[in-house]
Amino acid sequence: MSAVLKSATGITVKPLHPLFVAEVTGVDLTVPVSRDDFRVIWDAFNQYEVLVVRDQKFEDDTQIAFSRNFGPLETMEAHPANNFKPGHIAVMTNLDAQGNLLPLDDPGMLHRLRNEHWHTDSSFKAIPSLCSMLSGRIVPPVGGNTDFVSARAAYAAFPDARKPALEGLVAVHRVAKPGEEDDPAYNEEQKKRLTVTHPLIRTNPVNGRKNFYAGAHAQAIVGMPREEARALIAEITAFCTQPQFFYSHPWRLHDLVIWDNRSVLHRATTFDKTKYRRKMHRTTVAGEAQESHFATMPQPQAA
Ligand code: OGA
Ligand code: MN
């Protein structure tokens with residue numbers, strides 16, 4: 001993997017892992033970024049898949065404005081953890097609106113536990129997500145890391161002899177709870193709309209690198225017996241989540257972490273939720289079904 005890069009505009013991109021993940025310094029993303037600065041970020045995002053940017057004091061409006069450089073934002077689905085009031089900001093927290101710790105059996109707390117499974121955001125949407133970014137607004141002193149694995153580095157390391165048989169496969173992704181087919185958290189309209197298919201192997205349109213695309217929402221493979229499909233998805237997940245493809249992000253206040261939902265899996269990790277407070281705000285950028293447009297740098301989206 002390449003060494004530290006210093007751009008003409010003063011941005012530094014420094015790898016944090018041998019295979020993916022870089023830290024970006026020398027830029028304030030809470031104010032409008034120039035096209036030249038965004039070009040550096042866009043290129044680093046496509047190369048490193050996960051970008052860590054420290055000391056970014058975002059409010060929701062500035063986070064939304066920065067996110068729009070990557071393309072149109074998703075509106076979250078209505079579910080118990082957002083009081084069925086979806087918007088452009090998804091709040092990952094163990095606090096109520098007044099900032100008090102929520103009981104562990106609160107419906108929103110239980111709903112958010114599904115984030116602790118390896119997944120990629122919105123793979124259950126017909127137009128899956130390009131990227132998500134999480135802003136650390138309140139971080140616990142210990143625990144509560146977010147873990148990432150590169151399903152691109154994993155694909156590169158996967159036995160070549162097996163790749164042709166996997167190449168044309170299409171996976172079924174469902175919004176349902178990991179490991180289950182039905183999910184009372186979503187209504188019938190959502191469950192129908194949020195059962196979609198995507199290729200099991202995707203290609204980054206900028207650099208042509210391939211990756212596995214599965215995670216907790218991938219629950220079947222078109223034309224393959226159910227048990228065989230589940231075993232294959234489990235095998236691919238186990239392959240991708242090996243230590244050499246793994247990075248765990250320890251949060252500091254005001255960190256922004258941007259990840260490529262096309263090619264990394266991520267999961268929340270636990271912490272003492274009865275003692276510590278954690279509040280992370282996420283924006284999610286919509287991707288494309290066909291991945292043609294993102295071969296070039298996106299145009300910033302109007303508010
Ligand atoms: C997410 C997510 C992980 C975390 O925001 O999509 O999975 O550590 N979050 O909160
Ligand atoms: Mn997620």
# chains A, B, ... in the order shown; residues from 1 in each chain; ligands from 1

call {"tool": "closest_atom_pairs", "arguments": {"of": "range 10-68 of chain A", "to": "range 201-213 of chain A", "cutoff": "12 Å", "atoms": "only C-alpha atoms", "output": "JSON lines"}}
result
{"residue": "A:Trp42", "atom": "CA", "partner": "A:Val206", "partner_atom": "CA", "distance": 10.2}
{"residue": "A:Asp43", "atom": "CA", "partner": "A:Val206", "partner_atom": "CA", "distance": 8.7}
{"residue": "A:Ala44", "atom": "CA", "partner": "A:Val206", "partner_atom": "CA", "distance": 11.3}
{"residue": "A:Phe45", "atom": "CA", "partner": "A:Val206", "partner_atom": "CA", "distance": 10.5}
{"residue": "A:Asn46", "atom": "CA", "partner": "A:Val206", "partner_atom": "CA", "distance": 7.0}
{"residue": "A:Gln47", "atom": "CA", "partner": "A:Asn207", "partner_atom": "CA", "distance": 7.9}
{"residue": "A:Tyr48", "atom": "CA", "partner": "A:Asn207", "partner_atom": "CA", "distance": 11.3}
{"residue": "A:Glu49", "atom": "CA", "partner": "A:Asn204", "partner_atom": "CA", "distance": 10.4}

call {"tool": "residues_near_ligand", "arguments": {"ligand": "ligand 1", "cutoff": "6 Å", "atoms": "only C-alpha atoms and all ligand atoms", "output": "NGL selection string"}}
result
:A and (92 or 115 or 121 or 145-146 or 267-268 or 282)

call {"tool": "closest_residue", "arguments": {"among": "A:His117, A:Lys57, A:His17, A:Lys273", "to": "Gly136 in chain A", "atoms": "only C-alpha atoms"}}
result
A:Lys57

call {"tool": "closest_atom_pairs", "arguments": {"of": "range 18-115 of chain A", "to": "range 181-187 of chain A", "cutoff": "12 Å", "atoms": "only C-alpha atoms", "output": "Markdown table"}}
result
| residue | atom | partner | partner_atom | distance |
| --- | --- | --- | --- | --- |
| A:Glu77 | CA | A:Tyr186 | CA | 8.9 |
| A:Ala78 | CA | A:Tyr186 | CA | 7.8 |
| A:His79 | CA | A:Ala185 | CA | 6.0 |
| A:Pro80 | CA | A:Ala185 | CA | 6.5 |
| A:Ala81 | CA | A:Ala185 | CA | 9.4 |
| A:Asn82 | CA | A:Ala185 | CA | 11.2 |
| A:Asn83 | CA | A:Ala185 | CA | 11.0 |
| A:Phe84 | CA | A:Tyr186 | CA | 9.8 |
| A:Pro107 | CA | A:Ala185 | CA | 9.5 |
| A:Gly108 | CA | A:Ala185 | CA | 10.1 |
| A:Leu110 | CA | A:Ala185 | CA | 10.5 |
| A:His111 | CA | A:Ala185 | CA | 8.0 |
| A:Arg112 | CA | A:Ala185 | CA | 11.3 |
| A:Arg114 | CA | A:Ala185 | CA | 11.6 |

call {"tool": "write_last_selection", "arguments": {"atoms": "all heavy atoms", "output": "mmCIF file, in the first residue's frame"}}
result
data_model
loop_
_atom_site.group_PDB
_atom_site.id
_atom_site.type_symbol
_atom_site.label_atom_id
_atom_site.label_comp_id
_atom_site.auth_asym_id
_atom_site.auth_seq_id
_atom_site.Cartn_x
_atom_site.Cartn_y
_atom_site.Cartn_z
ATOM 1 N N GLU A 77 -34.900 4.387 6.607
ATOM 2 C CA GLU A 77 -36.188 3.717 6.765
ATOM 3 C C GLU A 77 -36.753 4.006 8.157
ATOM 4 O O GLU A 77 -35.992 4.192 9.116
ATOM 5 C CB GLU A 77 -36.012 2.208 6.617
ATOM 6 C CG GLU A 77 -35.779 1.765 5.202
ATOM 7 C CD GLU A 77 -36.953 2.076 4.285
ATOM 8 O OE1 GLU A 77 -38.109 1.841 4.676
ATOM 9 O OE2 GLU A 77 -36.705 2.561 3.157
ATOM 10 N N ALA A 78 -38.078 4.017 8.273
ATOM 11 C CA ALA A 78 -38.727 4.140 9.576
ATOM 12 C C ALA A 78 -38.568 2.823 10.331
ATOM 13 O O ALA A 78 -38.757 1.746 9.768
ATOM 14 C CB ALA A 78 -40.214 4.435 9.375
ATOM 15 N N HIS A 79 -38.144 2.876 11.597
ATOM 16 C CA HIS A 79 -38.024 1.672 12.429
ATOM 17 C C HIS A 79 -38.016 2.078 13.905
ATOM 18 O O HIS A 79 -37.979 3.277 14.230
ATOM 19 C CB HIS A 79 -36.782 0.858 12.029
ATOM 20 C CG HIS A 79 -35.494 1.638 12.082
ATOM 21 N ND1 HIS A 79 -35.007 2.166 13.251
ATOM 22 C CD2 HIS A 79 -34.621 1.984 11.109
ATOM 23 C CE1 HIS A 79 -33.869 2.801 12.982
ATOM 24 N NE2 HIS A 79 -33.618 2.708 11.699
ATOM 25 N N PRO A 80 -38.046 1.109 14.829
ATOM 26 C CA PRO A 80 -38.193 1.452 16.251
ATOM 27 C C PRO A 80 -37.082 2.356 16.786
ATOM 28 O O PRO A 80 -37.317 3.136 17.710
ATOM 29 C CB PRO A 80 -38.135 0.087 16.962
ATOM 30 C CG PRO A 80 -38.505 -0.913 15.930
ATOM 31 C CD PRO A 80 -38.057 -0.359 14.621
ATOM 32 N N ALA A 81 -35.862 2.262 16.233
ATOM 33 C CA ALA A 81 -34.766 3.047 16.793
ATOM 34 C C ALA A 81 -34.810 4.511 16.358
ATOM 35 O O ALA A 81 -34.068 5.332 16.893
ATOM 36 C CB ALA A 81 -33.424 2.419 16.411
ATOM 37 N N ASN A 82 -35.661 4.859 15.384
ATOM 38 C CA ASN A 82 -35.799 6.294 15.060
ATOM 39 C C ASN A 82 -37.232 6.775 15.307
ATOM 40 O O ASN A 82 -37.667 7.755 14.706
ATOM 41 C CB ASN A 82 -35.313 6.597 13.629
ATOM 42 C CG ASN A 82 -36.060 5.807 12.551
ATOM 43 O OD1 ASN A 82 -37.194 5.390 12.752
ATOM 44 N ND2 ASN A 82 -35.418 5.609 11.414
ATOM 45 N N ASN A 83 -37.934 6.071 16.197
ATOM 46 C CA ASN A 83 -39.318 6.410 16.519
ATOM 47 C C ASN A 83 -40.185 6.516 15.262
ATOM 48 O O ASN A 83 -41.128 7.292 15.215
ATOM 49 C CB ASN A 83 -39.406 7.710 17.321
ATOM 50 C CG ASN A 83 -38.826 7.522 18.701
ATOM 51 O OD1 ASN A 83 -38.934 6.444 19.278
ATOM 52 N ND2 ASN A 83 -38.172 8.547 19.228
ATOM 53 N N PHE A 84 -39.817 5.751 14.256
ATOM 54 C CA PHE A 84 -40.550 5.719 12.989
ATOM 55 C C PHE A 84 -40.606 7.095 12.333
ATOM 56 O O PHE A 84 -41.505 7.417 11.585
ATOM 57 C CB PHE A 84 -41.952 5.098 13.184
ATOM 58 C CG PHE A 84 -41.869 3.714 13.775
ATOM 59 C CD1 PHE A 84 -42.026 3.509 15.140
ATOM 60 C CD2 PHE A 84 -41.575 2.625 12.965
ATOM 61 C CE1 PHE A 84 -41.909 2.235 15.686
ATOM 62 C CE2 PHE A 84 -41.458 1.345 13.511
ATOM 63 C CZ PHE A 84 -41.623 1.155 14.871
ATOM 64 N N PRO A 107 -36.884 -0.662 23.130
ATOM 65 C CA PRO A 107 -37.003 -1.177 21.757
ATOM 66 C C PRO A 107 -35.934 -0.623 20.806
ATOM 67 O O PRO A 107 -35.416 -1.358 19.956
ATOM 68 C CB PRO A 107 -38.402 -0.734 21.322
ATOM 69 C CG PRO A 107 -39.153 -0.507 22.600
ATOM 70 C CD PRO A 107 -38.150 -0.102 23.643
ATOM 71 N N GLY A 108 -35.580 0.653 20.965
ATOM 72 C CA GLY A 108 -34.536 1.232 20.106
ATOM 73 C C GLY A 108 -33.181 0.608 20.385
ATOM 74 O O GLY A 108 -32.397 0.341 19.464
ATOM 75 N N LEU A 110 -32.663 -2.420 21.557
ATOM 76 C CA LEU A 110 -32.682 -3.782 21.013
ATOM 77 C C LEU A 110 -32.520 -3.745 19.502
ATOM 78 O O LEU A 110 -31.790 -4.546 18.920
ATOM 79 C CB LEU A 110 -33.993 -4.491 21.397
ATOM 80 C CG LEU A 110 -34.141 -4.768 22.900
ATOM 81 C CD1 LEU A 110 -35.541 -5.275 23.212
ATOM 82 C CD2 LEU A 110 -33.089 -5.776 23.372
ATOM 83 N N HIS A 111 -33.156 -2.770 18.864
ATOM 84 C CA HIS A 111 -33.060 -2.664 17.409
ATOM 85 C C HIS A 111 -31.613 -2.410 16.987
ATOM 86 O O HIS A 111 -31.112 -3.008 16.034
ATOM 87 C CB HIS A 111 -33.965 -1.538 16.900
ATOM 88 C CG HIS A 111 -34.070 -1.500 15.404
ATOM 89 N ND1 HIS A 111 -34.963 -2.276 14.708
ATOM 90 C CD2 HIS A 111 -33.373 -0.819 14.471
ATOM 91 C CE1 HIS A 111 -34.826 -2.055 13.415
ATOM 92 N NE2 HIS A 111 -33.851 -1.166 13.245
ATOM 93 N N ARG A 112 -30.930 -1.530 17.705
ATOM 94 C CA ARG A 112 -29.557 -1.175 17.321
ATOM 95 C C ARG A 112 -28.550 -2.304 17.553
ATOM 96 O O ARG A 112 -27.457 -2.271 17.004
ATOM 97 C CB ARG A 112 -29.112 0.102 18.035
ATOM 98 C CG ARG A 112 -29.588 1.358 17.300
ATOM 99 C CD ARG A 112 -29.051 2.618 17.953
ATOM 100 N NE ARG A 112 -29.620 2.820 19.264
ATOM 101 C CZ ARG A 112 -30.723 3.523 19.507
ATOM 102 N NH1 ARG A 112 -31.354 4.141 18.538
ATOM 103 N NH2 ARG A 112 -31.185 3.638 20.734
ATOM 104 N N ARG A 114 -28.599 -5.008 16.257
ATOM 105 C CA ARG A 114 -28.328 -5.687 14.974
ATOM 106 C C ARG A 114 -27.104 -5.082 14.276
ATOM 107 O O ARG A 114 -26.512 -5.731 13.435
ATOM 108 C CB ARG A 114 -29.565 -5.722 14.082
ATOM 109 C CG ARG A 114 -30.181 -4.394 13.813
ATOM 110 C CD ARG A 114 -31.510 -4.503 13.085
ATOM 111 N NE ARG A 114 -32.587 -5.015 13.913
ATOM 112 C CZ ARG A 114 -33.762 -5.444 13.456
ATOM 113 N NH1 ARG A 114 -34.005 -5.445 12.172
ATOM 114 N NH2 ARG A 114 -34.694 -5.872 14.264
#

call {"tool": "residues_near_ligand", "arguments": {"ligand": "ligand 2", "cutoff": "12 Å", "atoms": "only C-alpha atoms and all ligand atoms", "output": "ChimeraX atom specification"}}
result
/A:76,90-92,112-123,129,131-134,146-148,215-217,257-261,264-269,280-284

call {"tool": "select_by_dssp", "arguments": {"residues": "range 10-245 of chain A", "states": "strand (DSSP E or B)", "output": "VMD selection string"}}
result
chain A and resid 12 to 15 22 to 25 50 to 53 73 90 to 93 95 101 119 129 to 138 146 to 150 170 to 174 195 to 199 201 to 203 210 to 212 218 to 221

call {"tool": "closest_residue", "arguments": {"among": "A:Phe20, A:Phe124, A:Phe294, A:Tyr276", "to": "Arg193 in chain A", "atoms": "only C-alpha atoms"}}
result
A:Phe124

call {"tool": "residues_around", "arguments": {"residues": "Pro298 in chain A", "least_positions_apart": "4", "cutoff": "7 Å", "atoms": "only C-alpha atoms", "output": "compact mmCIF listing (two decimals) with all heavy atoms, in the first residue's frame"}}
result
# COMPACT_ATOMS: atom_id res chain seq x y z
N ASN A 69 -21.46 16.17 -1.05
CA ASN A 69 -20.41 16.13 -2.08
C ASN A 69 -20.34 14.77 -2.76
O ASN A 69 -19.91 14.66 -3.91
CB ASN A 69 -19.04 16.42 -1.46
CG ASN A 69 -18.84 17.89 -1.18
OD1 ASN A 69 -18.72 18.70 -2.09
ND2 ASN A 69 -18.85 18.25 0.10
N PHE A 70 -20.72 13.72 -2.02
CA PHE A 70 -20.62 12.36 -2.55
C PHE A 70 -21.83 11.97 -3.39
O PHE A 70 -21.82 10.93 -4.05
CB PHE A 70 -20.48 11.35 -1.40
CG PHE A 70 -19.13 11.35 -0.73
CD1 PHE A 70 -18.84 12.26 0.27
CD2 PHE A 70 -18.15 10.44 -1.11
CE1 PHE A 70 -17.59 12.26 0.90
CE2 PHE A 70 -16.91 10.43 -0.50
CZ PHE A 70 -16.62 11.33 0.51
N GLY A 71 -22.90 12.77 -3.31
CA GLY A 71 -24.10 12.43 -4.08
C GLY A 71 -25.34 12.60 -3.22
O GLY A 71 -25.27 13.05 -2.08
N PHE A 294 -20.26 6.69 -10.83
CA PHE A 294 -19.23 6.90 -9.83
C PHE A 294 -17.82 6.59 -10.34
O PHE A 294 -16.86 6.67 -9.60
CB PHE A 294 -19.55 6.15 -8.54
CG PHE A 294 -20.67 6.80 -7.81
CD1 PHE A 294 -21.88 6.16 -7.64
CD2 PHE A 294 -20.53 8.09 -7.31
CE1 PHE A 294 -22.92 6.78 -6.97
CE2 PHE A 294 -21.57 8.72 -6.65
CZ PHE A 294 -22.77 8.06 -6.48

call {"tool": "select_by_dssp", "arguments": {"residues": "range 43-170 of chain A", "states": "helix (DSSP H, G or I)", "output": "ChimeraX atom specification"}}
result
/A:43-48,60-70,80-82,107-116,151-157,160-167

call {"tool": "residues_around", "arguments": {"residues": "range 168-174 of chain A", "least_positions_apart": "5", "cutoff": "6 Å", "atoms": "only C-alpha atoms", "output": "ChimeraX atom specification"}}
result
/A:124,194-200,217-222

call {"tool": "write_last_selection", "arguments": {"atoms": "all heavy atoms", "output": "short mmCIF file (atom, residue, chain, number, x, y, z; two decimals), in the first residue's frame"}}
result
data_model
loop_
_atom_site.label_atom_id
_atom_site.label_comp_id
_atom_site.auth_asym_id
_atom_site.auth_seq_id
_atom_site.Cartn_x
_atom_site.Cartn_y
_atom_site.Cartn_z
N PHE A 124 -30.05 -3.79 1.51
CA PHE A 124 -31.43 -4.24 1.23
C PHE A 124 -32.20 -3.24 0.39
O PHE A 124 -33.41 -3.37 0.21
CB PHE A 124 -32.16 -4.50 2.56
CG PHE A 124 -31.98 -3.39 3.55
CD1 PHE A 124 -32.65 -2.19 3.41
CD2 PHE A 124 -31.09 -3.54 4.61
CE1 PHE A 124 -32.45 -1.15 4.32
CE2 PHE A 124 -30.89 -2.52 5.53
CZ PHE A 124 -31.57 -1.31 5.37
N LEU A 194 -37.92 -3.87 0.45
CA LEU A 194 -36.54 -4.00 0.91
C LEU A 194 -36.05 -5.45 0.86
O LEU A 194 -35.27 -5.89 1.70
CB LEU A 194 -36.39 -3.39 2.31
CG LEU A 194 -36.81 -1.92 2.40
CD1 LEU A 194 -36.77 -1.42 3.84
CD2 LEU A 194 -35.96 -1.02 1.50
N THR A 195 -36.55 -6.19 -0.10
CA THR A 195 -36.00 -7.50 -0.46
C THR A 195 -35.54 -7.36 -1.90
O THR A 195 -36.36 -7.18 -2.80
CB THR A 195 -37.05 -8.62 -0.31
OG1 THR A 195 -37.44 -8.70 1.06
CG2 THR A 195 -36.49 -9.96 -0.74
N VAL A 196 -34.24 -7.36 -2.11
CA VAL A 196 -33.68 -7.00 -3.42
C VAL A 196 -32.53 -7.94 -3.77
O VAL A 196 -32.06 -8.70 -2.91
CB VAL A 196 -33.17 -5.53 -3.42
CG1 VAL A 196 -34.28 -4.56 -3.05
CG2 VAL A 196 -31.99 -5.37 -2.47
N THR A 197 -32.06 -7.86 -4.98
CA THR A 197 -30.90 -8.68 -5.37
C THR A 197 -29.75 -7.79 -5.80
O THR A 197 -29.95 -6.69 -6.34
CB THR A 197 -31.25 -9.63 -6.52
OG1 THR A 197 -31.70 -8.85 -7.64
CG2 THR A 197 -32.31 -10.63 -6.13
N HIS A 198 -28.52 -8.27 -5.52
CA HIS A 198 -27.29 -7.59 -5.98
C HIS A 198 -26.28 -8.67 -6.34
O HIS A 198 -26.26 -9.74 -5.72
CB HIS A 198 -26.69 -6.72 -4.88
CG HIS A 198 -27.57 -5.61 -4.42
ND1 HIS A 198 -27.97 -4.58 -5.24
CD2 HIS A 198 -28.15 -5.36 -3.21
CE1 HIS A 198 -28.74 -3.75 -4.56
NE2 HIS A 198 -28.88 -4.19 -3.33
N PRO A 199 -25.37 -8.35 -7.25
CA PRO A 199 -24.30 -9.31 -7.56
C PRO A 199 -23.47 -9.61 -6.31
O PRO A 199 -23.23 -8.71 -5.50
CB PRO A 199 -23.44 -8.59 -8.60
CG PRO A 199 -24.20 -7.39 -9.02
CD PRO A 199 -25.29 -7.12 -8.04
N LEU A 200 -23.04 -10.86 -6.17
CA LEU A 200 -22.22 -11.26 -5.02
C LEU A 200 -20.81 -10.67 -5.13
O LEU A 200 -20.13 -10.50 -4.13
CB LEU A 200 -22.15 -12.79 -4.97
CG LEU A 200 -21.40 -13.42 -3.81
CD1 LEU A 200 -22.08 -13.11 -2.47
CD2 LEU A 200 -21.28 -14.93 -4.00
N HIS A 217 -27.35 -8.86 5.72
CA HIS A 217 -28.63 -8.81 5.00
C HIS A 217 -28.69 -9.78 3.83
O HIS A 217 -29.76 -10.04 3.31
CB HIS A 217 -28.89 -7.39 4.50
CG HIS A 217 -28.91 -6.38 5.60
ND1 HIS A 217 -29.89 -6.38 6.57
CD2 HIS A 217 -28.06 -5.39 5.92
CE1 HIS A 217 -29.64 -5.40 7.43
NE2 HIS A 217 -28.54 -4.78 7.06
N ALA A 218 -27.53 -10.31 3.43
CA ALA A 218 -27.51 -11.29 2.32
C ALA A 218 -27.95 -12.62 2.90
O ALA A 218 -27.29 -13.18 3.77
CB ALA A 218 -26.11 -11.38 1.73
N GLN A 219 -29.08 -13.12 2.44
CA GLN A 219 -29.65 -14.30 3.08
C GLN A 219 -29.93 -15.44 2.13
O GLN A 219 -30.33 -16.51 2.56
CB GLN A 219 -30.94 -13.91 3.82
CG GLN A 219 -30.63 -12.89 4.91
CD GLN A 219 -31.81 -12.62 5.81
OE1 GLN A 219 -32.93 -12.94 5.45
NE2 GLN A 219 -31.55 -12.05 6.96
N ALA A 220 -29.73 -15.22 0.85
CA ALA A 220 -29.99 -16.30 -0.12
C ALA A 220 -29.23 -15.99 -1.39
O ALA A 220 -28.71 -14.88 -1.55
CB ALA A 220 -31.49 -16.38 -0.41
N ILE A 221 -29.13 -17.00 -2.26
CA ILE A 221 -28.51 -16.78 -3.57
C ILE A 221 -29.47 -17.31 -4.62
O ILE A 221 -30.03 -18.41 -4.47
CB ILE A 221 -27.13 -17.45 -3.63
CG1 ILE A 221 -26.18 -16.67 -2.70
CG2 ILE A 221 -26.59 -17.48 -5.06
CD1 ILE A 221 -24.77 -17.10 -2.65
N VAL A 222 -29.70 -16.49 -5.63
CA VAL A 222 -30.69 -16.84 -6.65
C VAL A 222 -30.31 -18.18 -7.29
O VAL A 222 -29.17 -18.37 -7.71
CB VAL A 222 -30.78 -15.73 -7.72
CG1 VAL A 222 -31.71 -16.14 -8.86
CG2 VAL A 222 -31.24 -14.42 -7.08
#

call {"tool": "closest_residue", "arguments": {"among": "A:Arg252, A:Asp105, A:Ala22, A:Leu130", "to": "Arg68 in chain A", "atoms": "only C-alpha atoms"}}
result
A:Leu130

call {"tool": "closest_residue", "arguments": {"among": "A:Lys275, A:Arg39, A:Arg54, A:Arg262", "to": "Ser135 in chain A", "atoms": "only C-alpha atoms"}}
result
A:Arg54

call {"tool": "residues_around", "arguments": {"residues": "Asp96 in chain A", "least_positions_apart": "4", "cutoff": "10 Å", "atoms": "only C-alpha atoms", "output": "PDB file with all heavy atoms, in the first residue's frame"}}
result
ATOM      1  N   ASN A 100     -30.484  10.963  28.814  1.00  0.00           N
ATOM      2  CA  ASN A 100     -30.394   9.936  29.860  1.00  0.00           C
ATOM      3  C   ASN A 100     -30.110   8.571  29.237  1.00  0.00           C
ATOM      4  O   ASN A 100     -30.534   8.290  28.120  1.00  0.00           O
ATOM      5  CB  ASN A 100     -31.728   9.839  30.620  1.00  0.00           C
ATOM      6  CG  ASN A 100     -32.124  11.172  31.206  1.00  0.00           C
ATOM      7  OD1 ASN A 100     -31.330  11.810  31.893  1.00  0.00           O
ATOM      8  ND2 ASN A 100     -33.337  11.623  30.891  1.00  0.00           N
ATOM      9  N   LEU A 101     -29.408   7.719  30.003  1.00  0.00           N
ATOM     10  CA  LEU A 101     -29.140   6.355  29.539  1.00  0.00           C
ATOM     11  C   LEU A 101     -30.465   5.614  29.338  1.00  0.00           C
ATOM     12  O   LEU A 101     -31.353   5.678  30.199  1.00  0.00           O
ATOM     13  CB  LEU A 101     -28.307   5.603  30.580  1.00  0.00           C
ATOM     14  CG  LEU A 101     -26.884   6.100  30.819  1.00  0.00           C
ATOM     15  CD1 LEU A 101     -26.274   5.373  32.023  1.00  0.00           C
ATOM     16  CD2 LEU A 101     -26.013   5.899  29.579  1.00  0.00           C
ATOM     17  N   LEU A 102     -30.585   4.919  28.224  1.00  0.00           N
ATOM     18  CA  LEU A 102     -31.782   4.112  27.973  1.00  0.00           C
ATOM     19  C   LEU A 102     -31.621   2.742  28.614  1.00  0.00           C
ATOM     20  O   LEU A 102     -30.509   2.204  28.658  1.00  0.00           O
ATOM     21  CB  LEU A 102     -31.970   3.925  26.465  1.00  0.00           C
ATOM     22  CG  LEU A 102     -32.518   5.128  25.687  1.00  0.00           C
ATOM     23  CD1 LEU A 102     -32.290   4.932  24.184  1.00  0.00           C
ATOM     24  CD2 LEU A 102     -34.001   5.327  25.977  1.00  0.00           C
ATOM     25  N   PRO A 103     -32.714   2.150  29.092  1.00  0.00           N
ATOM     26  CA  PRO A 103     -32.609   0.777  29.594  1.00  0.00           C
ATOM     27  C   PRO A 103     -32.235  -0.185  28.456  1.00  0.00           C
ATOM     28  O   PRO A 103     -32.579   0.058  27.299  1.00  0.00           O
ATOM     29  CB  PRO A 103     -34.014   0.472  30.137  1.00  0.00           C
ATOM     30  CG  PRO A 103     -34.901   1.518  29.589  1.00  0.00           C
ATOM     31  CD  PRO A 103     -34.067   2.705  29.193  1.00  0.00           C
ATOM     32  N   ASP A 106     -34.927  -1.308  26.068  1.00  0.00           N
ATOM     33  CA  ASP A 106     -35.667  -0.328  25.280  1.00  0.00           C
ATOM     34  C   ASP A 106     -35.725  -0.805  23.818  1.00  0.00           C
ATOM     35  O   ASP A 106     -34.727  -1.317  23.300  1.00  0.00           O
ATOM     36  CB  ASP A 106     -34.927   1.018  25.371  1.00  0.00           C
ATOM     37  CG  ASP A 106     -35.491   2.039  24.404  1.00  0.00           C
ATOM     38  OD1 ASP A 106     -36.484   2.686  24.744  1.00  0.00           O
ATOM     39  OD2 ASP A 106     -34.942   2.155  23.280  1.00  0.00           O
ATOM     40  N   GLY A 108     -35.580   0.653  20.965  1.00  0.00           N
ATOM     41  CA  GLY A 108     -34.536   1.232  20.106  1.00  0.00           C
ATOM     42  C   GLY A 108     -33.181   0.608  20.385  1.00  0.00           C
ATOM     43  O   GLY A 108     -32.397   0.341  19.464  1.00  0.00           O
TER      44      GLY A 108
END

call {"tool": "atom_distance", "arguments": {"atom1": "CA of Val53 in chain A", "atom2": "CA of Pro300 in chain A"}}
result
19.7 Å

call {"tool": "atom_distance", "arguments": {"atom1": "CA of Pro128 in chain A", "atom2": "CA of Gly287 in chain A"}}
result
5.5 Å

call {"tool": "residues_around", "arguments": {"residues": "Val13 in chain A", "least_positions_apart": "2", "cutoff": "8 Å", "atoms": "only C-alpha atoms", "output": "number ranges by chain"}}
result
A: 4-6, 11, 15, 22-25, 44

call {"tool": "residues_around", "arguments": {"residues": "Thr93 in chain A", "least_positions_apart": "2", "cutoff": "8 Å", "atoms": "only C-alpha atoms", "output": "PDB file with N, CA and C atoms, in the first residue's frame"}}
result
ATOM      1  N   VAL A  91     -29.289   8.249  14.173  1.00  0.00           N
ATOM      2  CA  VAL A  91     -28.595   8.441  15.453  1.00  0.00           C
ATOM      3  C   VAL A  91     -28.351   7.079  16.088  1.00  0.00           C
ATOM      4  N   LEU A  95     -28.790   6.815  24.420  1.00  0.00           N
ATOM      5  CA  LEU A  95     -29.394   7.898  25.202  1.00  0.00           C
ATOM      6  C   LEU A  95     -30.787   8.238  24.681  1.00  0.00           C
ATOM      7  N   MET A 109     -32.886   0.355  21.661  1.00  0.00           N
ATOM      8  CA  MET A 109     -31.617  -0.288  22.039  1.00  0.00           C
ATOM      9  C   MET A 109     -31.546  -1.695  21.437  1.00  0.00           C
ATOM     10  N   ARG A 277     -21.939   6.891  27.976  1.00  0.00           N
ATOM     11  CA  ARG A 277     -22.814   7.469  26.958  1.00  0.00           C
ATOM     12  C   ARG A 277     -22.118   7.433  25.598  1.00  0.00           C
ATOM     13  N   ARG A 278     -22.915   7.158  24.582  1.00  0.00           N
ATOM     14  CA  ARG A 278     -22.376   7.146  23.215  1.00  0.00           C
ATOM     15  C   ARG A 278     -23.439   7.694  22.288  1.00  0.00           C
ATOM     16  N   LYS A 279     -23.029   8.628  21.435  1.00  0.00           N
ATOM     17  CA  LYS A 279     -23.977   9.179  20.457  1.00  0.00           C
ATOM     18  C   LYS A 279     -23.221   9.483  19.175  1.00  0.00           C
ATOM     19  N   MET A 280     -23.604   8.784  18.118  1.00  0.00           N
ATOM     20  CA  MET A 280     -22.952   8.927  16.823  1.00  0.00           C
ATOM     21  C   MET A 280     -24.036   9.307  15.819  1.00  0.00           C
TER      22      MET A 280
END
